[in-house]
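Right, one structure below, let's go through it.
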Amino acid sequence: MSTATLTIDLDAIVSNWRALDAMTDCETAAVVKADGYGLGAGKVGRALARAGAHRFFVAAAEEGAALRQALGPSPVISVFSGHMAGDSDIIGDTDLVPMINSVDQLIRHFEALPGHPFGIQLDTGMNRLGMEPGEWAAIRDVALAQGPQLIMSHLACADEPDIEMNEAQIRAFVEMTEGADVPRSLANTGGILLGKNYHFDLTRPGIGTFGGRPFADASPVVRLEAPVIQCRDLAPGESVGYGNKFVATRQTRIATIAAGYADGLHRVLGPKAQAFAEEEPCPIAGRISMDTIGVDITDLKGDPTSLELIGPQQTPDMLADYAGTIGYEILTSLGGRYTRRYTGG
Ligand SMILES: *Cc1c(COP(=O)(O)O)cnc(C)c1O
């Protein structure tokens, strides 16, 4: 085995989704954009559909078409980017539900696919996607007359419970949807944890399903194990890797493992991340290369055949902290070179 193995626990994904579902009295959808946060939208989607998810969200129509292939005809697949120019065929042919973001998109949808299901996305302050209050007020009656399936908005600060912005977004959302007899959705993972006021009729968890913050009680979902290519002894004064950033201060044994920044193990992780032999932490020695990482295994009893880089002892969120980013980015950066193994499901 010459590539690292990424093991994805579908049972943990299902149990996280069920735990989030159990926190609300409303329907729970599943967000599987960006190939299921890098973990495989098809496999993840099928496992969640079996667990009872009826509605899925993706970012782009192309992702929706691929997911439709994997899931078959029944589940609802909604597209956050709405009805973009050139997407009419794919939306019609693969039965996607665009979340309409603007008057232009609304007109495009009604002209290209009259009678085809759609949803509405409103901007309540994030200023990213969705119709603004003035725009919505102008076409609200026309849009509602065509029977949208769902009206949604998105929270900008859901992972920061004490911030005033969250309440302001609820107020804006309620005001904009007052009197509309259409199911409503506001909460992502963070929004579910904020409490009942945020749940409305449907929630849209993503990261929590995949084991990430802010869902603190999530079960771990991914394990990444890299094979050792070779081991060598260094005398004090010898160095490892590009730029000689590690210099041995004692008789040292170094393992070179098969994974690197091209696999989503960002170079900036080098100084803080570790590799694990069972429970035993081993420091990364020197710079992370494109395809390899040097690891100081001097204190191990013997040479390992592989070392763990992601698992219960070093989670994607911990790597994110080391890299100055968020777990979402660690997961979606996990490379295409890994051997992907699925368990459970
Ligand atoms: C990504 C996304 C979600 C899911 O968010 P998480 O924080 O991963 O739970 C929900 N809604 C929208 C609009 C999104 O873009």
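Ordered as shown in the structure tokens, chains take letters A, B, and onward, while each chain numbers its residues from 1 and ligands are numbered from 1 in the order shown.
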request  = Please report, as a PyMOL selection string, each residue of region 170-226 of chain A to which DSSP assigns strand (DSSP E) when run on this structure's backbone.
outcome  = chain A and resi 184-185+202-203+222-226
Keeping only C-alpha atoms, write the selected residues to a file as a PDB file, in the first residue's frame.
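The new file result03.pdb reads:
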```pdb
ATOM      1  CA  ARG A 184     -39.158  27.750   6.653  1.00  0.00           C
ATOM      2  CA  SER A 185     -35.512  26.890   7.353  1.00  0.00           C
ATOM      3  CA  LEU A 202     -36.451  22.225   8.677  1.00  0.00           C
ATOM      4  CA  THR A 203     -32.796  22.289   9.753  1.00  0.00           C
ATOM      5  CA  VAL A 222     -12.525  10.097   9.907  1.00  0.00           C
ATOM      6  CA  ARG A 223      -9.228   8.312  10.443  1.00  0.00           C
ATOM      7  CA  LEU A 224      -6.175   8.899   8.320  1.00  0.00           C
ATOM      8  CA  GLU A 225      -3.319   6.436   8.383  1.00  0.00           C
ATOM      9  CA  ALA A 226      -0.133   6.885   6.345  1.00  0.00           C
TER      10      ALA A 226
END
```
task = May I ask you to write as a PyMOL selection string all residues lying at most 7 Å from ligand 1, with only C-alpha atoms and all ligand atoms counted?
result = chain A and resi 31+80+153-154+187-190+204-208
Produce a file of the selected residues containing C-alpha atoms, as a tab-separated table (two decimals), in the first residue's frame.
```tsv
chain	number	residue	atom	x	y	z
A	31	VAL	CA	-26.04	19.24	3.63
A	80	PHE	CA	-28.06	26.70	-2.72
A	153	SER	CA	-32.00	32.00	5.07
A	154	HIS	CA	-28.55	31.41	6.57
A	187	ALA	CA	-30.46	26.68	11.05
A	188	ASN	CA	-27.19	25.01	10.10
A	189	THR	CA	-25.37	22.91	12.74
A	190	GLY	CA	-24.67	25.94	14.90
A	204	ARG	CA	-29.75	21.99	7.49
A	205	PRO	CA	-26.80	20.49	9.39
A	206	GLY	CA	-23.53	19.85	7.58
A	207	ILE	CA	-20.37	19.94	9.69
A	208	GLY	CA	-21.97	18.40	12.79
```
ask   = Which distance in Å separates CA of Thr7 (chain A) and CA of Thr343 (chain A), to one decimal?
value =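 Calculated distance between CA of Thr7 (chain A) and CA of Thr343 (chain A) is 7.2 Å.
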Considering only C-alpha atoms, return as a PDB file with N, CA, C and O atoms, in the first residue's frame whatever protein or nucleic-acid residues lie within 6 Å of Asp11 (chain A), sequence-local ones (same chain, fewer than 2 positions apart) excluded.
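In the end it all went to around_17.pdb:
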```pdb
ATOM      1  N   ASP A   9     -16.278   6.586   8.685  1.00  0.00           N
ATOM      2  CA  ASP A   9     -17.213   5.764   9.450  1.00  0.00           C
ATOM      3  C   ASP A   9     -18.646   6.232   9.189  1.00  0.00           C
ATOM      4  O   ASP A   9     -19.115   7.211   9.781  1.00  0.00           O
ATOM      5  N   ILE A  13     -21.387   8.936  11.058  1.00  0.00           N
ATOM      6  CA  ILE A  13     -22.093  10.018  10.352  1.00  0.00           C
ATOM      7  C   ILE A  13     -23.595   9.919  10.621  1.00  0.00           C
ATOM      8  O   ILE A  13     -24.251  10.913  10.955  1.00  0.00           O
ATOM      9  N   VAL A  14     -24.130   8.706  10.499  1.00  0.00           N
ATOM     10  CA  VAL A  14     -25.567   8.500  10.740  1.00  0.00           C
ATOM     11  C   VAL A  14     -25.902   8.830  12.188  1.00  0.00           C
ATOM     12  O   VAL A  14     -26.904   9.499  12.472  1.00  0.00           O
ATOM     13  N   GLY A 344     -19.296   0.557   8.085  1.00  0.00           N
ATOM     14  CA  GLY A 344     -20.691   0.734   8.496  1.00  0.00           C
ATOM     15  C   GLY A 344     -21.580   1.147   7.346  1.00  0.00           C
ATOM     16  O   GLY A 344     -21.234   0.970   6.176  1.00  0.00           O
ATOM     17  N   GLY A 345     -22.725   1.724   7.679  1.00  0.00           N
ATOM     18  CA  GLY A 345     -23.622   2.269   6.654  1.00  0.00           C
ATOM     19  C   GLY A 345     -24.540   1.230   6.036  1.00  0.00           C
ATOM     20  O   GLY A 345     -24.586   0.095   6.324  1.00  0.00           O
TER      21      GLY A 345
END
```
request  = Please identify all polymer residues within 8 Å of Ile257 (chain A), counting only C-alpha atoms, omitting same-chain residues fewer than 4 positions from it, and present them as a PyMOL selection string.
outcome  = chain A and resi 226-230+292-295+306-307
Keeping N, CA, C and O atoms for every residue in the selection just given, could you write it to a file as a short mmCIF file (atom, residue, chain, number, x, y, z; two decimals), in the first residue's frame?
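Output file selection-v6.cif follows:
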```cif
data_model
loop_
_atom_site.label_atom_id
_atom_site.label_comp_id
_atom_site.auth_asym_id
_atom_site.auth_seq_id
_atom_site.Cartn_x
_atom_site.Cartn_y
_atom_site.Cartn_z
N ALA A 226 -1.12 6.81 7.44
CA ALA A 226 -0.13 6.89 6.34
C ALA A 226 0.92 5.80 6.53
O ALA A 226 1.48 5.64 7.62
N PRO A 227 1.21 5.04 5.47
CA PRO A 227 2.23 4.00 5.58
C PRO A 227 3.63 4.59 5.70
O PRO A 227 3.91 5.66 5.15
N VAL A 228 4.50 3.89 6.41
CA VAL A 228 5.90 4.28 6.51
C VAL A 228 6.63 3.76 5.27
O VAL A 228 6.55 2.56 4.96
N ILE A 229 7.32 4.66 4.56
CA ILE A 229 8.05 4.23 3.37
C ILE A 229 9.43 3.68 3.77
O ILE A 229 9.85 2.64 3.31
N GLN A 230 10.13 4.42 4.64
CA GLN A 230 11.41 3.93 5.13
C GLN A 230 11.77 4.62 6.45
O GLN A 230 11.20 5.66 6.77
N THR A 292 5.49 13.53 1.24
CA THR A 292 6.05 12.82 2.39
C THR A 292 6.16 13.74 3.60
O THR A 292 6.19 14.97 3.48
N ILE A 293 6.20 13.10 4.77
CA ILE A 293 6.41 13.80 6.03
C ILE A 293 7.43 13.01 6.84
O ILE A 293 7.32 11.77 6.94
N GLY A 294 8.42 13.69 7.41
CA GLY A 294 9.37 13.04 8.32
C GLY A 294 8.82 13.06 9.73
O GLY A 294 8.26 14.06 10.18
N VAL A 295 8.95 11.93 10.42
CA VAL A 295 8.42 11.83 11.79
C VAL A 295 9.52 11.29 12.70
O VAL A 295 10.21 10.33 12.35
N SER A 306 2.90 1.95 9.92
CA SER A 306 2.11 3.11 9.52
C SER A 306 1.93 4.02 10.73
O SER A 306 2.12 3.60 11.87
N LEU A 307 1.54 5.27 10.48
CA LEU A 307 1.30 6.23 11.56
C LEU A 307 -0.03 6.94 11.28
O LEU A 307 -0.38 7.20 10.12
#
```
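Those residues in region 70-122 of chain A carrying a DSSP assignment of helix (DSSP H, G or I), computed from the backbone, are Ala70, Leu71, Ser88, Asp89, Ile90, Ile91, Gly92, Asp93, Val103, Asp104, Gln105, Leu106, Ile107, Arg108, His109, Phe110, Glu111 and Ala112 of chain A.
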task = Take CA of Leu129 (chain A) and CA of Leu155 (chain A) and report the distance between them in Å, one decimal.
result =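 Pair CA of Leu129 (chain A) / CA of Leu155 (chain A) returns 11.2 Å.
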inquiry  = Using only C-alpha atoms, which protein or nucleic acid residues come within 9 Å of region 135-137 of chain A? Drop anything in the same chain fewer than 6 positions from it, and give the result as a PyMOL selection string.
reply    = chain A and resi 102-103+122+143+176
ask   = Using only C-alpha atoms, which residues sit within 8 Å of region 308-319 of chain A once same-chain residues fewer than 5 positions away are excluded, as an MDAnalysis selection string?
value = chainID A and resid 212:213 220 222:226 269 273:279 326:327 330:331
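Residues in contact with Ala65 (chain A) at 9 Å, where only C-alpha atoms are counted and same-chain residues fewer than 6 positions away are skipped, are listed as A:Ile77, A:Ile90, A:Ile91, A:Asp93, A:Thr94, A:Asp95, A:Leu96.
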query = Expressed in Å to a single decimal, how great is the separation between CA of Val240 (chain A) and CA of Thr325 (chain A)?
reply =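 Taking CA of Val240 (chain A) and CA of Thr325 (chain A), their separation equals 26.6 Å.
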query = Quick one: of A:Val247, A:Leu193, A:Ala22, A:Val182, who's nearest to Ala145 (chain A), counting only C-alpha atoms?
reply =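 Ranking A:Val247, A:Leu193, A:Ala22, A:Val182 by distance to Ala145 (chain A), first place goes to A:Val182.
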